[in-house]
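Heads up, final-v6.cif below (mmCIF, C-alpha atoms and all ligand atoms):
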```cif
data_my_file
#
loop_
_atom_site.group_PDB
_atom_site.id
_atom_site.type_symbol
_atom_site.label_atom_id
_atom_site.label_comp_id
_atom_site.auth_asym_id
_atom_site.auth_seq_id
_atom_site.Cartn_x
_atom_site.Cartn_y
_atom_site.Cartn_z
ATOM 1 C CA MET A 1299 -36.083 91.567 -4.460
ATOM 2 C CA SER A 1300 -37.062 94.511 -2.323
ATOM 3 C CA SER A 1301 -37.278 93.965 1.450
ATOM 4 C CA VAL A 1302 -34.945 90.978 1.359
ATOM 5 C CA LEU A 1303 -32.410 91.058 4.145
ATOM 6 C CA VAL A 1304 -28.864 90.665 2.884
ATOM 7 C CA VAL A 1305 -26.109 90.099 5.427
ATOM 8 C CA VAL A 1306 -22.553 90.455 4.217
ATOM 9 C CA THR A 1307 -19.796 88.839 6.246
ATOM 10 C CA ARG A 1308 -16.119 89.417 5.594
ATOM 11 C CA ARG A 1309 -14.114 86.238 5.883
ATOM 12 C CA ARG A 1310 -10.696 84.841 5.211
ATOM 13 C CA THR A 1311 -11.894 83.348 1.982
ATOM 14 C CA SER A 1312 -10.721 83.768 -1.573
ATOM 15 C CA ARG A 1313 -14.149 83.893 -3.177
ATOM 16 C CA LEU A 1314 -17.631 85.294 -2.835
ATOM 17 C CA SER A 1315 -20.453 82.934 -1.916
ATOM 18 C CA ILE A 1316 -24.161 83.145 -1.136
ATOM 19 C CA ARG A 1317 -26.347 81.082 1.130
ATOM 20 C CA ILE A 1318 -30.027 81.398 2.059
ATOM 21 C CA ASN A 1319 -31.002 80.635 5.659
ATOM 22 C CA LYS A 1320 -34.266 79.140 6.960
ATOM 23 C CA GLU A 1321 -35.791 82.612 7.354
ATOM 24 C CA GLY A 1322 -35.109 83.405 3.705
ATOM 25 C CA GLU A 1323 -32.315 85.841 4.514
ATOM 26 C CA VAL A 1324 -29.452 86.141 2.076
ATOM 27 C CA HIS A 1325 -25.999 85.658 3.584
ATOM 28 C CA VAL A 1326 -23.015 86.649 1.508
ATOM 29 C CA SER A 1327 -19.457 85.703 2.413
ATOM 30 C CA ALA A 1328 -16.816 87.950 0.920
ATOM 31 C CA PRO A 1329 -13.030 88.156 1.071
ATOM 32 C CA ARG A 1330 -11.794 91.117 3.132
ATOM 33 C CA TYR A 1331 -10.165 92.889 0.172
ATOM 34 C CA VAL A 1332 -13.216 92.903 -2.139
ATOM 35 C CA SER A 1333 -14.943 96.287 -2.532
ATOM 36 C CA LYS A 1334 -18.559 96.980 -1.660
ATOM 37 C CA ARG A 1335 -19.309 97.627 -5.326
ATOM 38 C CA VAL A 1336 -18.011 94.214 -6.375
ATOM 39 C CA ILE A 1337 -20.167 92.584 -3.695
ATOM 40 C CA GLU A 1338 -23.230 94.497 -4.882
ATOM 41 C CA GLU A 1339 -22.573 93.442 -8.459
ATOM 42 C CA PHE A 1340 -22.142 89.865 -7.352
ATOM 43 C CA ILE A 1341 -25.510 89.938 -5.554
ATOM 44 C CA ALA A 1342 -27.205 91.606 -8.543
ATOM 45 C CA GLY A 1343 -25.709 88.992 -10.862
ATOM 46 C CA HIS A 1344 -27.216 86.226 -8.755
ATOM 47 C CA LYS A 1345 -30.667 87.788 -8.527
ATOM 48 C CA ASP A 1346 -32.464 84.914 -10.267
ATOM 49 C CA TRP A 1347 -30.611 82.276 -8.292
ATOM 50 C CA ILE A 1348 -31.446 84.072 -5.020
ATOM 51 C CA GLU A 1349 -35.116 84.315 -5.930
ATOM 52 C CA SER A 1350 -35.505 80.657 -6.799
ATOM 53 C CA ALA A 1351 -33.460 79.556 -3.776
ATOM 54 C CA ARG A 1352 -35.659 81.670 -1.488
ATOM 55 C CA ALA A 1353 -38.781 80.160 -3.053
ATOM 56 C CA ARG A 1354 -37.396 76.654 -2.438
ATOM 57 C CA VAL A 1355 -36.596 77.498 1.198
ATOM 58 C CA ALA A 1356 -40.087 78.981 1.735
ATOM 59 C CA ALA A 1357 -41.757 75.890 0.247
ATOM 60 C CA ARG A 1358 -39.683 73.584 2.449
ATOM 61 C CA GLN A 1359 -40.509 75.619 5.572
ATOM 62 C CA GLN A 1360 -44.188 75.585 4.686
ATOM 63 C CA LYS A 1361 -44.134 71.816 4.241
ATOM 64 C CA ARG A 1362 -42.354 71.440 7.568
ATOM 65 C CA GLU A 1363 -44.824 73.664 9.405
ATOM 66 C CA ALA A 1364 -47.824 71.883 7.862
ATOM 67 C CA PHE A 1365 -46.318 68.560 8.948
ATOM 68 C CA TYR A 1366 -45.882 69.583 12.601
ATOM 69 C CA ALA A 1367 -49.272 71.340 12.693
ATOM 70 C CA GLN A 1368 -50.885 67.901 12.347
ATOM 71 C CA LEU A 1369 -50.214 67.285 16.020
ATOM 72 C CA ASP A 1370 -51.847 69.727 18.402
ATOM 73 C CA VAL A 1371 -49.669 70.150 21.474
ATOM 74 C CA SER A 1372 -50.751 73.704 22.237
ATOM 75 C CA THR A 1373 -51.936 73.041 25.803
ATOM 76 C CA PRO A 1374 -50.491 71.006 28.706
ATOM 77 C CA ALA A 1375 -53.488 68.636 28.511
ATOM 78 C CA LYS A 1376 -52.910 68.022 24.801
ATOM 79 C CA ARG A 1377 -49.187 67.499 25.336
ATOM 80 C CA LYS A 1378 -49.951 65.005 28.078
ATOM 81 C CA GLU A 1379 -52.433 63.158 25.901
ATOM 82 C CA ALA A 1380 -49.947 62.975 23.011
ATOM 83 C CA ALA A 1381 -47.197 61.726 25.327
ATOM 84 C CA ALA A 1382 -49.505 59.036 26.695
ATOM 85 C CA ARG A 1383 -50.452 57.946 23.188
ATOM 86 C CA LEU A 1384 -46.814 57.700 22.134
ATOM 87 C CA GLN A 1385 -45.866 55.914 25.320
ATOM 88 C CA GLN A 1386 -48.483 53.260 24.606
ATOM 89 C CA LYS A 1387 -47.153 52.844 21.081
ATOM 90 C CA VAL A 1388 -43.459 52.608 21.964
ATOM 91 C CA ALA A 1389 -43.729 50.504 25.144
ATOM 92 C CA PRO A 1390 -43.760 47.135 23.296
ATOM 93 C CA MET A 1391 -41.009 48.328 20.908
ATOM 94 C CA LEU A 1392 -38.823 49.428 23.807
ATOM 95 C CA GLU A 1393 -39.392 46.213 25.667
ATOM 96 C CA SER A 1394 -38.629 43.788 22.852
ATOM 97 C CA HIS A 1395 -35.649 45.695 21.431
ATOM 98 C CA ALA A 1396 -34.097 46.431 24.826
ATOM 99 C CA GLN A 1397 -34.266 42.741 25.608
ATOM 100 C CA GLN A 1398 -32.774 41.689 22.252
ATOM 101 C CA MET A 1399 -30.011 44.268 22.554
ATOM 102 C CA GLY A 1400 -29.292 43.515 26.188
ATOM 103 C CA VAL A 1401 -29.782 47.097 27.393
ATOM 104 C CA LYS A 1402 -32.037 48.734 29.928
ATOM 105 C CA PRO A 1403 -32.844 52.448 29.696
ATOM 106 C CA ALA A 1404 -33.013 54.160 33.100
ATOM 107 C CA ALA A 1405 -36.046 56.178 32.040
ATOM 108 C CA VAL A 1406 -37.934 57.187 28.913
ATOM 109 C CA SER A 1407 -39.539 60.613 28.713
ATOM 110 C CA PHE A 1408 -41.653 62.334 26.064
ATOM 111 C CA ARG A 1409 -41.428 65.927 24.945
ATOM 112 C CA ALA A 1410 -42.848 67.905 22.015
ATOM 113 C CA THR A 1411 -39.494 68.700 20.377
ATOM 114 C CA LYS A 1412 -39.158 69.556 16.698
ATOM 115 C CA SER A 1413 -35.387 69.753 16.641
ATOM 116 C CA ARG A 1414 -34.836 66.028 17.082
ATOM 117 C CA TRP A 1415 -36.810 62.800 17.115
ATOM 118 C CA GLY A 1416 -35.051 61.409 20.117
ATOM 119 C CA SER A 1417 -32.007 61.670 22.330
ATOM 120 C CA CYS A 1418 -30.122 59.519 24.763
ATOM 121 C CA ASN A 1419 -28.079 60.622 27.729
ATOM 122 C CA THR A 1420 -25.476 57.872 27.759
ATOM 123 C CA LYS A 1421 -24.248 58.848 31.238
ATOM 124 C CA THR A 1422 -27.637 58.576 32.937
ATOM 125 C CA GLY A 1423 -29.171 56.039 30.520
ATOM 126 C CA ARG A 1424 -32.187 58.287 30.038
ATOM 127 C CA ILE A 1425 -33.932 58.366 26.670
ATOM 128 C CA SER A 1426 -36.119 61.222 25.485
ATOM 129 C CA LEU A 1427 -38.512 60.868 22.554
ATOM 130 C CA SER A 1428 -40.341 63.571 20.615
ATOM 131 C CA THR A 1429 -44.122 63.271 20.763
ATOM 132 C CA TYR A 1430 -44.071 64.356 17.095
ATOM 133 C CA LEU A 1431 -43.009 60.774 16.391
ATOM 134 C CA LEU A 1432 -46.757 60.137 16.407
ATOM 135 C CA LEU A 1433 -46.758 61.714 12.933
ATOM 136 C CA LEU A 1434 -44.408 59.060 11.536
ATOM 137 C CA PRO A 1435 -45.280 55.512 10.467
ATOM 138 C CA ASP A 1436 -44.639 52.830 13.084
ATOM 139 C CA TRP A 1437 -41.517 51.437 11.411
ATOM 140 C CA CYS A 1438 -39.926 54.911 11.574
ATOM 141 C CA ILE A 1439 -40.846 55.263 15.242
ATOM 142 C CA GLU A 1440 -39.279 51.875 15.829
ATOM 143 C CA HIS A 1441 -36.112 53.049 14.089
ATOM 144 C CA VAL A 1442 -35.783 55.992 16.494
ATOM 145 C CA VAL A 1443 -36.381 53.683 19.463
ATOM 146 C CA VAL A 1444 -33.654 51.280 18.300
ATOM 147 C CA HIS A 1445 -31.321 54.202 17.512
ATOM 148 C CA GLU A 1446 -31.597 55.592 21.039
ATOM 149 C CA LEU A 1447 -31.264 52.153 22.621
ATOM 150 C CA ALA A 1448 -28.164 51.557 20.486
ATOM 151 C CA HIS A 1449 -26.587 54.610 22.134
ATOM 152 C CA LEU A 1450 -26.679 52.701 25.409
ATOM 153 C CA LEU A 1451 -24.183 50.342 23.734
ATOM 154 C CA VAL A 1452 -22.240 52.864 21.639
ATOM 155 C CA PRO A 1453 -22.416 56.582 22.578
ATOM 156 C CA ASP A 1454 -21.179 58.009 19.262
ATOM 157 C CA HIS A 1455 -22.185 57.490 15.627
ATOM 158 C CA GLY A 1456 -19.052 55.565 14.644
ATOM 159 C CA PRO A 1457 -18.844 52.304 12.668
ATOM 160 C CA ARG A 1458 -19.601 50.276 15.804
ATOM 161 C CA PHE A 1459 -22.862 52.143 16.238
ATOM 162 C CA TYR A 1460 -24.015 51.375 12.695
ATOM 163 C CA ALA A 1461 -22.960 47.751 13.093
ATOM 164 C CA VAL A 1462 -25.420 47.582 16.010
ATOM 165 C CA MET A 1463 -28.081 49.240 13.835
ATOM 166 C CA ASP A 1464 -27.406 46.817 10.945
ATOM 167 C CA ARG A 1465 -27.955 43.967 13.309
ATOM 168 C CA HIS A 1466 -31.041 45.221 15.172
ATOM 169 C CA PHE A 1467 -32.761 47.433 12.599
ATOM 170 C CA PRO A 1468 -31.455 46.678 9.085
ATOM 171 C CA ARG A 1469 -33.820 49.223 7.487
ATOM 172 C CA TRP A 1470 -32.193 52.099 9.400
ATOM 173 C CA ARG A 1471 -30.944 53.895 6.274
ATOM 174 C CA GLU A 1472 -34.383 53.911 4.687
ATOM 175 C CA ALA A 1473 -36.043 55.037 7.935
ATOM 176 C CA ARG A 1474 -33.516 57.819 8.429
ATOM 177 C CA ARG A 1475 -34.073 59.072 4.894
ATOM 178 C CA PHE A 1476 -37.827 59.037 5.440
ATOM 179 C CA ALA A 1477 -37.700 60.939 8.759
ATOM 180 C CA ARG A 1478 -35.190 63.493 7.469
ATOM 181 C CA GLN A 1479 -37.557 64.897 4.876
ATOM 182 C CA PHE A 1480 -39.239 66.746 7.751
HETATM 183 ZN ZN ZN B 1501 -27.750 59.259 17.659
#
```
Have the structure of the file written as structure tokens, please.
Amino acid sequence: MSSVLVVVTRRRTSRLSIRINKEGEVHVSAPRYVSKRVIEEFIAGHKDWIESARARVAARQQKREAFYAQLDVSTPAKRKEAAARLQQKVAPMLESHAQQMGVKPAAVSFRATKSRWGSCNTKTGRISLSTYLLLLPDWCIEHVVVHELAHLLVPDHGPRFYAVMDRHFPRWREARRFARQF
């Protein structure tokens, strides 16, 4: 386990715990009164767990990177082309669902974001969609479209929001599970 970064944070906690972040760094939370030696022993005692957890994290990151690498958005021209392709795909979905739901987005924009599939500014009525949606099957793209449109009716993710989803996209749970694996 040489060259593994271990960050120890003292907290108001009664026990020691370990977590591995996306970069494979080891973060240890320790109570304030526990000695450095005890912490070191705790880390040494969890050596195997840390190694397998880091391997799992690395595999997940690799899978994620390989997934996003399928869409080349490295230049402005390529980003524009991807946005145009997605726009063409979602236009009929937006139109039919907006009509059924009785909403009208002020604008829909496309950006190559990996952090989220879509977002909705409920104050301005603007919807933003990730061009990486192109990597998902159509029914999952449709789910994101309906999700963002639903925010024009219900801003938060409370029971009312999911009642709207149940009504307008009953497969939302399945679609969410599918999209979350990335
Ligand atoms: Zn949402």
Could the residues of chain A that have an atom at most 12 Å from ligand ZN 1501 (chain B) be listed as JSON lines, each with its closest atom pair and the distance in Å to one decimal, counting all atoms listed in the file and ordered by chain and ascending residue number?
```
{"residue": "A:Arg1414", "atom": "CA", "partner": "B:ZN1501", "partner_atom": "ZN", "distance": 9.8}
{"residue": "A:Trp1415", "atom": "CA", "partner": "B:ZN1501", "partner_atom": "ZN", "distance": 9.7}
{"residue": "A:Gly1416", "atom": "CA", "partner": "B:ZN1501", "partner_atom": "ZN", "distance": 8.0}
{"residue": "A:Ser1417", "atom": "CA", "partner": "B:ZN1501", "partner_atom": "ZN", "distance": 6.8}
{"residue": "A:Cys1418", "atom": "CA", "partner": "B:ZN1501", "partner_atom": "ZN", "distance": 7.5}
{"residue": "A:Asn1419", "atom": "CA", "partner": "B:ZN1501", "partner_atom": "ZN", "distance": 10.2}
{"residue": "A:Thr1420", "atom": "CA", "partner": "B:ZN1501", "partner_atom": "ZN", "distance": 10.4}
{"residue": "A:Ile1425", "atom": "CA", "partner": "B:ZN1501", "partner_atom": "ZN", "distance": 11.0}
{"residue": "A:Ser1426", "atom": "CA", "partner": "B:ZN1501", "partner_atom": "ZN", "distance": 11.6}
{"residue": "A:Leu1427", "atom": "CA", "partner": "B:ZN1501", "partner_atom": "ZN", "distance": 11.9}
{"residue": "A:His1441", "atom": "CA", "partner": "B:ZN1501", "partner_atom": "ZN", "distance": 11.0}
{"residue": "A:Val1442", "atom": "CA", "partner": "B:ZN1501", "partner_atom": "ZN", "distance": 8.7}
{"residue": "A:Val1443", "atom": "CA", "partner": "B:ZN1501", "partner_atom": "ZN", "distance": 10.4}
{"residue": "A:Val1444", "atom": "CA", "partner": "B:ZN1501", "partner_atom": "ZN", "distance": 9.9}
{"residue": "A:His1445", "atom": "CA", "partner": "B:ZN1501", "partner_atom": "ZN", "distance": 6.2}
{"residue": "A:Glu1446", "atom": "CA", "partner": "B:ZN1501", "partner_atom": "ZN", "distance": 6.3}
{"residue": "A:Leu1447", "atom": "CA", "partner": "B:ZN1501", "partner_atom": "ZN", "distance": 9.4}
{"residue": "A:Ala1448", "atom": "CA", "partner": "B:ZN1501", "partner_atom": "ZN", "distance": 8.2}
{"residue": "A:His1449", "atom": "CA", "partner": "B:ZN1501", "partner_atom": "ZN", "distance": 6.6}
{"residue": "A:Leu1450", "atom": "CA", "partner": "B:ZN1501", "partner_atom": "ZN", "distance": 10.2}
{"residue": "A:Leu1451", "atom": "CA", "partner": "B:ZN1501", "partner_atom": "ZN", "distance": 11.4}
{"residue": "A:Val1452", "atom": "CA", "partner": "B:ZN1501", "partner_atom": "ZN", "distance": 9.3}
{"residue": "A:Pro1453", "atom": "CA", "partner": "B:ZN1501", "partner_atom": "ZN", "distance": 7.7}
{"residue": "A:Asp1454", "atom": "CA", "partner": "B:ZN1501", "partner_atom": "ZN", "distance": 6.9}
{"residue": "A:His1455", "atom": "CA", "partner": "B:ZN1501", "partner_atom": "ZN", "distance": 6.2}
{"residue": "A:Gly1456", "atom": "CA", "partner": "B:ZN1501", "partner_atom": "ZN", "distance": 9.9}
{"residue": "A:Phe1459", "atom": "CA", "partner": "B:ZN1501", "partner_atom": "ZN", "distance": 8.7}
{"residue": "A:Tyr1460", "atom": "CA", "partner": "B:ZN1501", "partner_atom": "ZN", "distance": 10.0}
{"residue": "A:Met1463", "atom": "CA", "partner": "B:ZN1501", "partner_atom": "ZN", "distance": 10.7}
{"residue": "A:Trp1470", "atom": "CA", "partner": "B:ZN1501", "partner_atom": "ZN", "distance": 11.8}
{"residue": "A:Arg1474", "atom": "CA", "partner": "B:ZN1501", "partner_atom": "ZN", "distance": 11.0}
```
With only C-alpha atoms as the basis for distance, which of A:Pro1468, A:Leu1314, A:Pro1457, A:Arg1383 is at the shortest distance from Tyr1430 of chain A?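 That would be A:Arg1383, the residue with the smallest distance to Tyr1430 of chain A.
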Would you mind listing what lies within 10 Å of segment 1347-1352 of chain A as a list in words, with all atoms listed in the file counted and same-chain residues fewer than 6 positions away left out?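 With the cut-off at 10 Å, the set is Met1299, Val1302, Ile1316, Arg1317, Ile1318, Asn1319, Lys1320, Glu1321, Gly1322, Glu1323, Val1324, Ile1341 and Arg1358 of chain A.
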Among A:Lys1361, A:Ala1396, A:Ser1312, A:Ala1404, His1466 of chain A is approached most closely, using all atoms listed in the file, by A:Ala1396
Grab the atom CA of Thr1311 of chain A to atom CA of Arg1354 of chain A distance for me, in Å with one decimal place. 26.7 Å
Looking at A:Val1401, A:Ala1356, A:Ala1410, A:Ala1364, which one is nearest to Lys1378 of chain A, with distances taken over all atoms listed in the file? A:Ala1410
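Running the PyMOL selection byres (((chain A and resi 1313) around 12) and not hetatm) on this file leaves A:Arg1308, A:Arg1309, A:Arg1310, A:Thr1311, A:Ser1312, A:Leu1314, A:Ser1315, A:Ile1316, A:Val1326, A:Ser1327, A:Ala1328, A:Pro1329, A:Arg1330, A:Tyr1331, A:Val1332, A:Val1336, A:Ile1337, A:Phe1340 selected.
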Selection export as a PDB file, keeping the file's coordinate frame, atoms kept: C-alpha atoms:
```
ATOM      1  CA  ARG A1308     -16.119  89.417   5.594  1.00  0.00           C
ATOM      2  CA  ARG A1309     -14.114  86.238   5.883  1.00  0.00           C
ATOM      3  CA  ARG A1310     -10.696  84.841   5.211  1.00  0.00           C
ATOM      4  CA  THR A1311     -11.894  83.348   1.982  1.00  0.00           C
ATOM      5  CA  SER A1312     -10.721  83.768  -1.573  1.00  0.00           C
ATOM      6  CA  LEU A1314     -17.631  85.294  -2.835  1.00  0.00           C
ATOM      7  CA  SER A1315     -20.453  82.934  -1.916  1.00  0.00           C
ATOM      8  CA  ILE A1316     -24.161  83.145  -1.136  1.00  0.00           C
ATOM      9  CA  VAL A1326     -23.015  86.649   1.508  1.00  0.00           C
ATOM     10  CA  SER A1327     -19.457  85.703   2.413  1.00  0.00           C
ATOM     11  CA  ALA A1328     -16.816  87.950   0.920  1.00  0.00           C
ATOM     12  CA  PRO A1329     -13.030  88.156   1.071  1.00  0.00           C
ATOM     13  CA  ARG A1330     -11.794  91.117   3.132  1.00  0.00           C
ATOM     14  CA  TYR A1331     -10.165  92.889   0.172  1.00  0.00           C
ATOM     15  CA  VAL A1332     -13.216  92.903  -2.139  1.00  0.00           C
ATOM     16  CA  VAL A1336     -18.011  94.214  -6.375  1.00  0.00           C
ATOM     17  CA  ILE A1337     -20.167  92.584  -3.695  1.00  0.00           C
ATOM     18  CA  PHE A1340     -22.142  89.865  -7.352  1.00  0.00           C
TER      19      PHE A1340
END
```
Using all atoms listed in the file, can you tell me which of A:Val1371, A:Val1406, A:Val1305, A:Ala1473 comes closest to Pro1435 of chain A?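 For Pro1435 of chain A, the nearest of the candidates is A:Ala1473.
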